[in-house]
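Only one structure is covered here, and it is reproduced in the block below.
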Amino acid sequence: MGIKKPKLNEGETATYSANPYYDQVLLFADTKVPTSQDKYKLIDADKQLYEKLSKPNVDNFREEIRKRLTKNPKPWWPFVGKLYVDINIGGPKNYIEFKDLDNYLKTVFDAIKGIVIKDDHQIVRVTIDKQENQFTSGFTIAIHEVQQEANAYIYGQDVHNWENDRQLKISRGGICSMDAY
């Protein structure tokens with residue numbers, strides 16, 4: 001018996017589970033992330049002149065993600081402290097195999113900047129991976145706001161203590177939300 005995925009209408013979110021390490025997990029199923037890699041068209045080979053091409057698919061992606069996020073903003077957005085961000089991008093082999101991970105980052109960060117996070121300069125650590133999935137394309141963004149106190153307890157350091165971490169975080173008024181958009 002597996003987890004039943006709720007049927008969501010556009011703009012609705014559903015909380016699937018609570019992870020004591022992350023403060024926010026955003027799921028975007030059936031959504032391909034275009035890369036922000038610049039593309040050029042040769043205008044004059046002798047003079048080596050190129051024209052920078054526009055990227056309407058990147059602009060449309062950012063606009064669509066921002067629209068989804070602003071329909072149901074969380075009261076703790078935007079995060080303003082230093083952040084650890086983990087990103088997972090999935091899709092069929094022909095979609096992800098030859099795309100550079102660094103080109104995905106700018107597209108995703110620009111889409112959430114000013115809504116979920118104040119600015120991408122707050123991100124002090126980022127991990128990104130891509131996984132082949134023949135059935136669907138999508139991406140996940142997991143955000144952890146770094147505690148500022150010198151003796152702060154960092155949730156998730158001990159994977160065997162997750163239940164206590166969760167209870168401690170809740171008792172301190174912490175948040176942990178995992179939503180699909």
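Order determines the names: the first chain of the structure tokens is A, the second B, and so forth; residues in each chain are numbered 1 upward, and ligands are numbered 1 upward as they are shown.
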
List as a PyMOL selection string the protein and nucleic acid residues near range 26-43 of chain A, meaning an atom at most 10 Å away when only C-alpha atoms are counted, but skip any in the same chain fewer than 6 places from it. chain A and resi 13-15+49-62+64-65+68-69+87-91+95-96+99-108+116+135-143+177-181

So which bits of range 22-178 of chain A end up alpha helix (DSSP H) when you DSSP the backbone, as a ChimeraX atom specification? /A:56-71,93-96,101-112,162-171

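Across A:Lys130, A:Lys118, A:Lys74, A:Lys47, the tightest approach to Asp86 in chain A is made by A:Lys130 when counting only C-alpha atoms.
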
For Phe109 in chain A: contacts at 9 Å, only C-alpha atoms, fewer than 5 positions along chain excluded, given as a VMD selection string: chain A and resid 104 117 119 to 120

Mind giving me the straight-line distance from CA of His121 in chain A to CA of Tyr84 in chain A in Å, one decimal? 11.4 Å

Nearest to Tyr21 in chain A, restricted to only C-alpha atoms and choosing among A:Thr70, A:Gln147, A:Asn94, A:Gln134, comes out as A:Gln147

Coordinates-based distance that separates CA of Lys82 in chain A from CA of Gln131 in chain A (Å, one decimal): 27.0 Å

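Between CA of Val126 in chain A and CA of His144 in chain A the separation is 10.4 Å.
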
Residues of range 36-148 of chain A classed as strand (DSSP E or B) by DSSP on the backbone are to be reported as a ChimeraX atom specification. /A:40-44,49-52,79,83-91,113,117,123-132,138-145

Convert the current residue selection to file output with C-alpha atoms, as a tab-separated table (two decimals), in the first residue's frame.
chain	number	residue	atom	x	y	z
A	40	TYR	CA	23.88	32.99	-29.92
A	41	LYS	CA	23.25	33.19	-33.67
A	42	LEU	CA	26.13	33.86	-36.03
A	43	ILE	CA	25.52	37.09	-37.94
A	44	ASP	CA	28.84	37.62	-39.73
A	49	LEU	CA	29.61	38.90	-34.89
A	50	TYR	CA	26.90	37.10	-32.95
A	51	GLU	CA	23.41	38.03	-31.87
A	52	LYS	CA	22.28	36.95	-28.40
A	79	PHE	CA	13.24	33.61	4.00
A	83	LEU	CA	20.15	29.35	3.44
A	84	TYR	CA	21.11	25.82	2.50
A	85	VAL	CA	19.27	24.80	-0.67
A	86	ASP	CA	18.96	21.33	-2.18
A	87	ILE	CA	17.52	20.95	-5.68
A	88	ASN	CA	16.56	17.78	-7.52
A	89	ILE	CA	15.63	17.83	-11.19
A	90	GLY	CA	14.13	14.77	-12.82
A	91	GLY	CA	12.97	13.76	-16.23
A	113	LYS	CA	13.69	35.13	-5.71
A	117	ILE	CA	13.69	33.77	-0.66
A	123	ILE	CA	22.32	30.97	-0.30
A	124	VAL	CA	25.54	29.84	1.36
A	125	ARG	CA	25.36	26.19	0.31
A	126	VAL	CA	23.62	24.52	-2.61
A	127	THR	CA	23.43	20.95	-3.79
A	128	ILE	CA	21.82	19.95	-7.05
A	129	ASP	CA	21.32	16.64	-8.74
A	130	LYS	CA	19.48	15.30	-11.72
A	131	GLN	CA	17.80	11.94	-11.94
A	132	GLU	CA	16.45	10.01	-14.86
A	138	GLY	CA	9.72	17.90	-12.42
A	139	PHE	CA	11.85	19.43	-9.72
A	140	THR	CA	12.06	19.81	-5.96
A	141	ILE	CA	13.55	22.68	-3.96
A	142	ALA	CA	14.36	22.03	-0.29
A	143	ILE	CA	15.30	25.03	1.88
A	144	HIS	CA	16.93	25.11	5.31
A	145	GLU	CA	17.41	28.45	7.05

Pick out the closest residue to Val146 in chain A from this set: A:Trp76, A:Phe98, A:Asp46, A:Gln122. Count only C-alpha atoms. A:Gln122
